[in-house]
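Text of the file entry-v9.cif, holding mmCIF, C-alpha atoms:
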data_input
#
loop_
_atom_site.label_atom_id
_atom_site.label_comp_id
_atom_site.auth_asym_id
_atom_site.auth_seq_id
_atom_site.Cartn_x
_atom_site.Cartn_y
_atom_site.Cartn_z
CA MET A 1 -38.47 66.45 72.44
CA LEU A 2 -39.10 67.67 68.95
CA GLU A 3 -42.46 69.25 68.31
CA GLN A 4 -44.71 67.35 66.04
CA GLU A 5 -44.45 68.88 62.63
CA LEU A 6 -45.06 68.01 59.04
CA GLN A 7 -42.69 69.68 56.69
CA ILE A 8 -42.49 69.38 52.97
CA ARG A 9 -39.23 70.01 51.22
CA ARG A 10 -39.13 70.37 47.47
CA ILE A 11 -35.97 69.90 45.48
CA ASP A 12 -35.03 72.58 42.99
CA PRO A 13 -36.44 71.54 39.58
CA GLU A 14 -33.02 72.43 38.12
CA ALA A 15 -31.79 69.35 39.92
CA MET A 16 -34.21 67.06 38.07
CA LEU A 17 -31.75 64.56 36.76
CA MET A 18 -31.84 60.96 35.77
CA HIS A 19 -29.35 58.97 37.85
CA GLU A 20 -26.76 58.47 35.12
CA VAL A 21 -27.08 62.09 33.96
CA GLY A 22 -26.18 63.28 37.46
CA ILE A 23 -23.20 60.95 37.51
CA ALA A 24 -22.09 61.94 33.98
CA ASN A 25 -22.29 65.55 35.12
CA SER A 26 -20.08 64.80 38.15
CA ILE A 27 -17.55 63.15 35.82
CA LEU A 28 -17.48 66.15 33.51
CA GLU A 29 -17.14 68.56 36.45
CA ALA A 30 -14.24 66.53 37.83
CA GLY A 31 -12.55 66.72 34.41
CA HIS A 32 -12.95 70.48 34.40
CA ARG A 33 -11.51 70.79 37.90
CA GLU A 34 -8.32 69.09 36.67
CA LEU A 35 -8.32 71.30 33.58
CA ALA A 36 -8.62 74.47 35.67
CA LEU A 37 -5.26 73.63 37.29
CA ARG A 38 -3.62 73.80 33.84
CA PRO A 39 -4.72 77.04 32.17
CA GLY A 40 -4.84 77.06 28.38
CA SER A 41 -5.21 73.28 28.10
CA THR A 42 -8.12 71.48 26.48
CA LEU A 43 -9.87 68.34 27.62
CA VAL A 44 -9.34 65.28 25.38
CA SER A 45 -10.75 62.38 27.35
CA ILE A 46 -11.92 61.31 30.81
CA GLY A 47 -11.44 57.78 32.12
CA VAL A 48 -13.67 56.22 34.76
CA ARG A 49 -13.73 52.85 36.50
CA VAL A 50 -17.21 51.35 36.93
CA GLY A 51 -17.55 48.28 39.15
CA VAL A 52 -20.15 45.60 38.38
CA LEU A 53 -21.62 46.30 41.84
CA SER A 54 -21.65 50.10 41.48
CA GLY A 55 -25.29 50.15 40.40
CA VAL A 56 -24.35 52.19 37.33
CA ASP A 57 -24.88 50.99 33.77
CA ILE A 58 -21.97 51.88 31.48
CA GLU A 59 -24.09 52.23 28.33
CA ALA A 60 -26.62 54.49 30.07
CA LEU A 61 -23.72 56.52 31.45
CA ARG A 62 -22.15 56.81 27.98
CA PHE A 63 -25.49 57.93 26.54
CA ALA A 64 -25.94 60.50 29.32
CA PHE A 65 -22.38 61.79 28.83
CA GLU A 66 -22.87 62.17 25.07
CA CYS A 67 -26.14 64.04 25.59
CA LEU A 68 -24.50 66.37 28.11
CA VAL A 69 -21.59 67.36 25.88
CA ALA A 70 -23.51 67.55 22.57
CA GLY A 71 -23.47 71.07 21.16
CA THR A 72 -21.10 72.36 23.85
CA SER A 73 -17.37 73.12 23.84
CA ASP A 74 -16.89 69.65 25.37
CA GLU A 75 -18.40 67.91 22.34
CA LYS A 76 -15.08 66.28 21.38
CA VAL A 77 -14.26 65.01 24.86
CA ARG A 78 -14.07 61.22 24.79
CA PHE A 79 -15.65 59.15 27.57
CA VAL A 80 -13.47 56.14 28.41
CA PRO A 81 -15.15 53.71 30.83
CA GLU A 82 -13.49 50.61 32.20
CA SER A 83 -15.69 47.88 33.65
CA CYS A 84 -14.25 46.39 36.85
CA PRO A 85 -15.09 42.86 37.98
CA ARG A 86 -15.96 41.78 41.47
CA THR A 87 -12.78 40.62 43.16
CA ASN A 88 -12.66 38.44 46.23
CA ARG A 89 -9.96 37.28 48.61
CA CYS A 90 -9.73 33.73 49.82
CA THR A 91 -9.59 33.70 53.62
CA ALA A 92 -7.73 30.36 53.60
CA CYS A 93 -4.84 31.06 51.20
CA GLU A 94 -5.11 34.89 51.21
CA ARG A 95 -5.00 35.16 47.42
CA ALA A 96 -7.30 37.49 45.49
CA PHE A 97 -9.28 36.44 42.41
CA PRO A 98 -12.01 37.93 40.21
CA SER A 99 -15.49 36.38 40.09
CA PRO A 100 -15.66 34.34 36.87
CA ALA A 101 -17.04 35.82 33.63
CA GLY A 102 -17.49 39.29 35.12
CA SER A 103 -20.24 38.05 37.44
CA PRO A 104 -21.22 40.38 40.30
CA PHE A 105 -21.87 37.31 42.47
CA LEU A 106 -19.67 35.42 44.81
CA ASP A 107 -20.40 32.23 42.95
CA ALA A 108 -17.09 30.44 42.79
CA PRO A 109 -14.67 28.81 45.19
CA CYS A 110 -11.06 30.00 45.33
CA PRO A 111 -9.38 28.90 42.06
CA TYR A 112 -6.09 28.30 43.93
CA CYS A 113 -7.06 26.20 46.92
CA GLY A 114 -10.77 25.44 46.42
CA SER A 115 -11.90 27.05 49.67
CA THR A 116 -15.40 28.58 49.59
CA ARG A 117 -14.61 31.04 52.39
CA THR A 118 -13.93 34.25 50.55
CA GLN A 119 -14.22 37.96 51.27
CA PHE A 120 -15.32 40.81 49.05
CA VAL A 121 -12.45 43.07 47.98
CA SER A 122 -13.68 45.34 45.19
CA GLY A 123 -16.24 45.75 42.43
CA ASP A 124 -18.43 48.55 43.83
CA GLU A 125 -16.18 51.39 42.67
CA LEU A 126 -17.30 54.40 40.67
CA ASP A 127 -14.00 56.22 40.36
CA LEU A 128 -12.31 58.72 38.09
CA ALA A 129 -9.26 57.00 36.62
CA PHE A 130 -7.59 59.70 34.53
CA VAL A 131 -8.04 62.95 32.67
CA GLU A 132 -6.27 63.41 29.35
CA ILE A 133 -5.47 66.97 28.28
CA GLU A 134 -3.85 68.73 25.32
CA GLU A 135 -1.44 71.39 26.53
CA PRO A 136 -0.93 74.65 24.64
CA SER A 137 1.97 74.42 22.17
CA SER A 138 4.73 76.75 23.25
CA MET B 1 -1.02 65.13 25.16
CA THR B 2 -0.79 64.38 28.83
CA VAL B 3 -2.66 61.76 30.79
CA ILE B 4 -3.18 62.79 34.40
CA PRO B 5 -4.06 59.94 36.76
CA VAL B 6 -6.89 60.93 39.09
CA GLU B 7 -7.75 58.65 42.00
CA LYS B 8 -11.05 60.09 43.17
CA LYS B 9 -14.56 58.86 43.63
CA VAL B 10 -16.93 60.23 41.00
CA LEU B 11 -19.43 61.03 43.76
CA ASN B 12 -16.70 62.62 45.86
CA GLU B 13 -18.90 65.55 46.89
CA ASN B 14 -21.71 63.27 48.11
CA GLN B 15 -19.15 61.15 49.97
CA ARG B 16 -17.78 64.23 51.72
CA ILE B 17 -21.26 65.26 52.88
CA ALA B 18 -22.10 61.69 53.95
CA LEU B 19 -18.95 61.43 56.06
CA GLU B 20 -19.81 64.72 57.76
CA LEU B 21 -23.37 63.50 58.42
CA ARG B 22 -22.03 60.23 59.86
CA ARG B 23 -19.68 62.16 62.14
CA ARG B 24 -22.56 64.34 63.37
CA PHE B 25 -24.82 61.31 63.92
CA GLN B 26 -22.10 59.59 65.98
CA GLU B 27 -21.29 62.72 67.95
CA ASN B 28 -24.97 63.17 68.90
CA ASN B 29 -25.69 59.44 69.36
CA VAL B 30 -28.28 59.43 66.57
CA PHE B 31 -28.99 55.96 65.20
CA CYS B 32 -29.80 56.43 61.49
CA VAL B 33 -31.00 53.78 59.04
CA ASN B 34 -31.80 54.08 55.34
CA PHE B 35 -34.71 51.97 54.00
CA ILE B 36 -34.47 51.03 50.32
CA SER B 37 -36.75 48.89 48.14
CA SER B 38 -38.81 48.80 44.96
CA PRO B 39 -42.01 50.87 45.03
CA GLY B 40 -44.69 48.90 46.84
CA SER B 41 -42.51 46.56 48.91
CA GLY B 42 -43.91 48.00 52.12
CA LYS B 43 -41.40 50.57 53.41
CA THR B 44 -44.05 53.00 54.61
CA THR B 45 -46.22 50.28 56.18
CA LEU B 46 -43.23 48.80 58.01
CA LEU B 47 -42.33 52.27 59.26
CA GLU B 48 -45.89 52.87 60.44
CA LYS B 49 -45.86 49.62 62.45
CA THR B 50 -42.40 50.42 63.75
CA LEU B 51 -43.34 53.94 64.90
CA ALA B 52 -46.49 52.58 66.56
CA GLY B 53 -44.24 50.36 68.73
CA PHE B 54 -42.19 53.22 70.19
CA ALA B 55 -43.17 55.04 73.38
CA PRO B 56 -44.42 58.59 72.68
CA ASP B 57 -41.50 60.15 74.58
CA GLU B 58 -38.88 58.47 72.38
CA LYS B 59 -36.92 60.92 70.24
CA ILE B 60 -37.63 59.51 66.80
CA ALA B 61 -37.87 61.34 63.48
CA VAL B 62 -38.57 60.29 59.90
CA LEU B 63 -37.44 61.62 56.53
CA THR B 64 -39.36 60.18 53.61
CA GLY B 65 -38.48 60.67 49.96
CA ASP B 66 -40.78 60.47 46.94
CA LEU B 67 -40.82 61.86 43.42
CA GLN B 68 -44.16 63.56 44.11
CA THR B 69 -46.88 63.94 46.80
CA GLU B 70 -46.83 64.26 50.56
CA ASN B 71 -48.93 61.11 51.04
CA ASP B 72 -46.28 59.12 52.91
CA ALA B 73 -45.51 61.96 55.33
CA LYS B 74 -49.21 62.32 56.08
CA ARG B 75 -49.45 58.59 56.83
CA LEU B 76 -46.36 58.62 59.02
CA ALA B 77 -47.18 61.84 60.89
CA ARG B 78 -50.15 60.12 62.57
CA TYR B 79 -47.82 58.43 65.07
CA GLY B 80 -46.85 61.67 66.81
CA PHE B 81 -43.20 61.82 65.77
CA PRO B 82 -41.75 64.55 63.55
CA VAL B 83 -41.89 63.63 59.87
CA GLN B 84 -40.54 65.47 56.88
CA GLN B 85 -41.37 64.71 53.27
CA ILE B 86 -38.61 65.27 50.73
CA VAL B 87 -40.25 65.71 47.31
CA THR B 88 -37.48 65.10 44.82
CA GLY B 89 -39.50 66.26 41.80
CA GLY B 90 -38.14 63.53 39.54
CA VAL B 91 -34.81 62.67 41.15
CA CYS B 92 -34.74 58.90 41.64
CA HIS B 93 -32.82 58.80 44.94
CA LEU B 94 -32.02 60.85 48.05
CA ASP B 95 -28.50 62.27 48.32
CA GLY B 96 -26.42 63.61 51.19
CA LYS B 97 -27.21 67.24 50.47
CA MET B 98 -30.99 66.62 50.66
CA ILE B 99 -30.53 64.99 54.08
CA GLU B 100 -28.26 67.78 55.29
CA ARG B 101 -30.83 70.43 54.30
CA ALA B 102 -33.75 68.47 55.72
CA LEU B 103 -31.99 68.19 59.09
CA GLU B 104 -31.46 71.95 59.43
CA PRO B 105 -34.63 72.53 61.50
CA TRP B 106 -33.97 69.48 63.71
CA PRO B 107 -31.23 69.83 66.33
CA LEU B 108 -29.51 66.44 66.36
CA GLU B 109 -28.90 66.56 70.11
CA ASN B 110 -32.69 66.19 70.51
CA LEU B 111 -32.81 63.07 68.38
CA ASP B 112 -32.06 59.40 69.11
CA VAL B 113 -33.30 57.59 66.01
CA LEU B 114 -33.63 58.83 62.43
CA PHE B 115 -35.44 56.67 59.90
CA ILE B 116 -34.85 57.59 56.26
CA GLU B 117 -37.29 56.14 53.74
CA ASN B 118 -35.59 56.41 50.37
CA VAL B 119 -37.35 56.86 47.02
CA GLY B 120 -38.82 53.53 45.86
CA ASN B 121 -36.04 52.28 43.58
CA LEU B 122 -33.57 49.39 43.86
CA VAL B 123 -30.92 50.94 41.63
CA CYS B 124 -29.91 54.57 42.23
CA PRO B 125 -30.22 54.84 46.04
CA ALA B 126 -27.46 52.21 46.28
CA SER B 127 -24.91 54.72 44.93
CA TYR B 128 -25.62 57.48 47.47
CA ASP B 129 -24.28 57.22 51.01
CA LEU B 130 -26.48 59.25 53.38
CA GLY B 131 -24.26 58.87 56.44
CA GLU B 132 -26.52 56.11 57.78
CA GLU B 133 -25.47 53.43 60.26
CA ALA B 134 -27.04 50.74 58.06
CA LYS B 135 -28.86 50.33 54.78
CA ILE B 136 -31.91 48.08 55.04
CA VAL B 137 -33.31 46.55 51.87
CA LEU B 138 -36.90 45.31 51.69
CA LEU B 139 -38.15 42.62 49.32
CA SER B 140 -41.80 41.57 49.37
CA VAL B 141 -42.95 38.06 48.58
CA THR B 142 -45.10 39.34 45.72
CA GLU B 143 -41.89 40.23 43.85
CA GLY B 144 -39.42 37.84 42.21
CA GLU B 145 -37.03 35.85 44.41
CA ASP B 146 -34.27 36.62 41.90
CA LYS B 147 -34.22 40.37 42.66
CA PRO B 148 -30.99 40.09 44.69
CA LEU B 149 -29.36 38.74 41.51
CA LYS B 150 -30.93 41.36 39.24
CA TYR B 151 -30.02 44.28 41.51
CA PRO B 152 -26.88 43.02 43.27
CA SER B 153 -25.52 46.44 44.22
CA ILE B 154 -28.13 47.28 46.86
CA PHE B 155 -28.17 43.76 48.34
CA HIS B 156 -24.40 43.90 48.51
CA LYS B 157 -24.40 47.21 50.39
CA SER B 158 -27.23 46.45 52.84
CA SER B 159 -26.70 45.13 56.37
CA LEU B 160 -30.20 43.73 56.65
CA LEU B 161 -32.75 42.23 54.26
CA ILE B 162 -36.37 42.32 55.41
CA LEU B 163 -38.65 39.96 53.51
CA THR B 164 -42.07 41.57 53.80
CA LYS B 165 -45.69 40.42 53.36
CA VAL B 166 -44.78 36.85 54.39
CA ASP B 167 -48.44 36.25 55.33
CA LEU B 168 -49.04 36.03 51.55
CA LEU B 169 -46.60 33.12 51.06
CA PRO B 170 -49.38 30.48 50.76
CA TYR B 171 -50.91 32.39 47.84
CA VAL B 172 -47.86 33.32 45.77
CA PRO B 173 -45.19 31.23 44.01
CA PHE B 174 -42.36 33.03 45.85
CA ASP B 175 -39.56 30.65 46.96
CA ILE B 176 -38.37 32.28 50.18
CA GLU B 177 -35.41 29.93 50.67
CA ALA B 178 -34.19 30.74 47.15
CA ALA B 179 -34.60 34.48 47.80
CA GLU B 180 -32.45 34.21 50.93
CA ALA B 181 -29.84 32.09 49.13
CA ASN B 182 -29.72 34.64 46.30
CA ALA B 183 -29.17 37.50 48.75
CA ARG B 184 -26.38 35.57 50.49
CA GLN B 185 -24.76 34.79 47.15
CA VAL B 186 -24.29 38.53 46.62
CA ASN B 187 -23.63 39.37 50.29
CA PRO B 188 -22.70 36.44 52.56
CA ASN B 189 -22.86 38.69 55.64
CA ILE B 190 -26.39 40.03 55.13
CA GLU B 191 -28.80 39.51 58.03
CA ILE B 192 -32.33 38.44 57.07
CA LEU B 193 -35.70 38.89 58.78
CA ARG B 194 -39.10 37.62 57.64
CA VAL B 195 -41.88 40.04 58.51
CA SER B 196 -45.59 40.52 58.01
CA CYS B 197 -47.07 43.87 58.95
CA ALA B 198 -50.57 42.37 58.51
CA THR B 199 -50.17 39.59 61.12
CA GLY B 200 -47.28 41.04 63.14
CA GLU B 201 -45.11 37.99 62.41
CA GLY B 202 -41.42 38.80 62.80
CA MET B 203 -42.07 42.29 64.22
CA GLU B 204 -40.62 41.33 67.61
CA ARG B 205 -37.38 40.18 66.00
CA TRP B 206 -37.28 43.39 63.95
CA ARG B 207 -37.65 45.51 67.11
CA HIS B 208 -34.84 43.47 68.70
CA TRP B 209 -32.65 44.10 65.68
CA ILE B 210 -33.13 47.87 66.08
CA ALA B 211 -32.47 47.72 69.84
CA ASN B 212 -29.33 45.61 69.38
CA ARG B 213 -27.90 47.79 66.64
CA ARG B 214 -28.68 50.93 68.62
CA SER B 215 -26.79 49.74 71.67
CA ALA B 216 -23.90 48.41 69.54
CA SER B 217 -23.63 51.76 67.81
CA ARG B 218 -23.74 53.65 71.14
CA ARG B 219 -20.95 51.44 72.51
CA GLN B 220 -18.90 52.05 69.38
CA SER B 221 -19.29 55.85 69.48
CA ALA B 222 -18.42 55.85 73.19
CA ALA B 223 -15.30 53.81 72.46
CA GLU B 224 -14.35 56.20 69.66
CA ARG B 225 -14.72 59.20 71.97
CA VAL B 226 -12.43 57.52 74.48
CA THR B 227 -9.88 56.87 71.74
CA VAL B 228 -9.98 60.53 70.71
CA LEU B 229 -9.38 61.65 74.31
#
Just give me the structure of the file as structure tokens.
Amino acid sequence: MLEQELQIRRIDPEAMLMHEVGIANSILEAGHRELALRPGSTLVSIGVRVGVLSGVDIEALRFAFECLVAGTSDEKVRFVPESCPRTNRCTACERAFPSPAGSPFLDAPCPYCGSTRTQFVSGDELDLAFVEIEEPSS
Amino acid sequence: MTVIPVEKKVLNENQRIALELRRRFQENNVFCVNFISSPGSGKTTLLEKTLAGFAPDEKIAVLTGDLQTENDAKRLARYGFPVQQIVTGGVCHLDGKMIERALEPWPLENLDVLFIENVGNLVCPASYDLGEEAKIVLLSVTEGEDKPLKYPSIFHKSSLLILTKVDLLPYVPFDIEAAEANARQVNPNIEILRVSCATGEGMERWRHWIANRRSASRRQSAAERVTVL
């Protein structure tokens, strides 16, 4: 049995980050990891896929990214987000379809067979899609 | 110019830590749930009532996250189980690393149930896996019944929705049927409980939910161990 205890843990103030700033920072770090594998190259753009169910707002993320790179050597790096819809699969006819009008809700029957029995497939992603680099001219 | 395709999660590092936490929880038979809601929906009160219902020799522990203050830990520590406050100092969610560090002083083999009370926020905690068995989202009847539609991510990722403060239903315009329909529109598989910590309504069903999920998760880990052998 654990002893009764009351512990307080404080997070390093350096880590004080707004949600989207933390995520923008992870995106930038991931870009630099790819860059480190190709010495002498420079970072041109970073592409990310943001699902409508990811809980991340693209405009807030763009703003956070721009604030992070401003005045640094990454200032010219372009942030290229792609919004991804919710996609569902019909359990009757097995075909996949996006929720209409970019809606995060499962609010439509299958457009192929009309069945309302559908399963969630994707739309909660927050993924790096690509990193674009400029290689040194030889 | 070269475009390099990268197929990785942005929060890859958090995901790695969360998977490791989940593995450790399963290995040690620790049943871990992550409570998420807006500030003031009743996470701490529900936890207080829940802790009060466990026998004193049960191996329960609580991690509670807040931007500031140790108030919640002080409230929860009164029930005799170990409680740790994580003060995030401005960070709007708990992440895997915070949980990993907080668990350092607690040997997992001495633990059966870990309750994690996330920072009061319906947005950011949805993005951070903590290795939990289930996310539980709370919505109180003094809020809007359209919250599942406004914050679909967390309702989509939660296994259980607990509608709290249902004793107030006669005094507020909250349409509980609409709230449940909204949650199911985002997540058709979500389980729903109606609870009042003031009157005790629904608490029995909530305790059953925990007991059922605990035994289901034990059976699953046992089956996985057999598969590994």
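Taking atom CA of B:Arg16 and atom CA of B:Leu114 as the two end points, the separation is 19.9 Å.
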Mind listing whatever residues come within 9 Å of the point (-41.3, 46.1, 43.6)? Use all atoms listed in the file, file coordinates, and give them as JSON, numbers by chain.
{"B": [37, 38, 39, 40, 41, 120, 121, 122, 139, 140, 142, 143, 144]}
Any idea what's packed within 6 Å of stretch 124-135 of chain A, counting all atoms listed in the file, ignoring anything in its chain fewer than 6 positions away? Could you give it as an MDAnalysis selection string?
(chainID A and resid 41:51 53:54) or (chainID B and resid 1:10)
Assuming the chain letters and numbering stay as they are in my file, what does the PyMOL selection byres ((chain B) within 7 of (chain A)) actually select? List them as a ChimeraX atom specification.
/B:1-11,59,77,80-92,110,123-124,126-127,152-153,185-186
Just the residues within 6 Å of B:Phe174, please, counting only C-alpha atoms, with nothing from its chain fewer than 2 positions along; format it as a PDB file with C-alpha atoms, keeping the file's coordinate frame.
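Done, and the output landed in result21.pdb:
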ATOM      1  CA  VAL B 141     -42.950  38.060  48.580  1.00  0.00           C
ATOM      2  CA  VAL B 172     -47.860  33.320  45.770  1.00  0.00           C
ATOM      3  CA  ILE B 176     -38.370  32.280  50.180  1.00  0.00           C
TER       4      ILE B 176
END
Output the residue selection produced by the PyMOL selection byres ((chain B and resi 213) around 12) on the file above, formatted as a count of residues only.
24
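Neighbourhood of point (-44.3, 41.9, 65.4): residues with an atom at most 12 Å away, counting only C-alpha atoms, are Leu46, Lys49, Thr50, Ala52, Gly53, Thr164, Leu193, Arg194, Val195, Ser196, Cys197, Ala198, Thr199, Gly200, Glu201, Gly202, Met203, Glu204, Arg205, Trp206, Arg207, His208 and Trp209 of chain B.
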Show which residues sit within 10 Å of A:Ala92, as an MDAnalysis selection string. Count all atoms listed in the file, and ignore same-chain residues fewer than 4 positions away.
chainID A and resid 110 113:118
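The space between atom CA of B:Trp106 and atom CA of B:Lys157 spans 27.7 Å.
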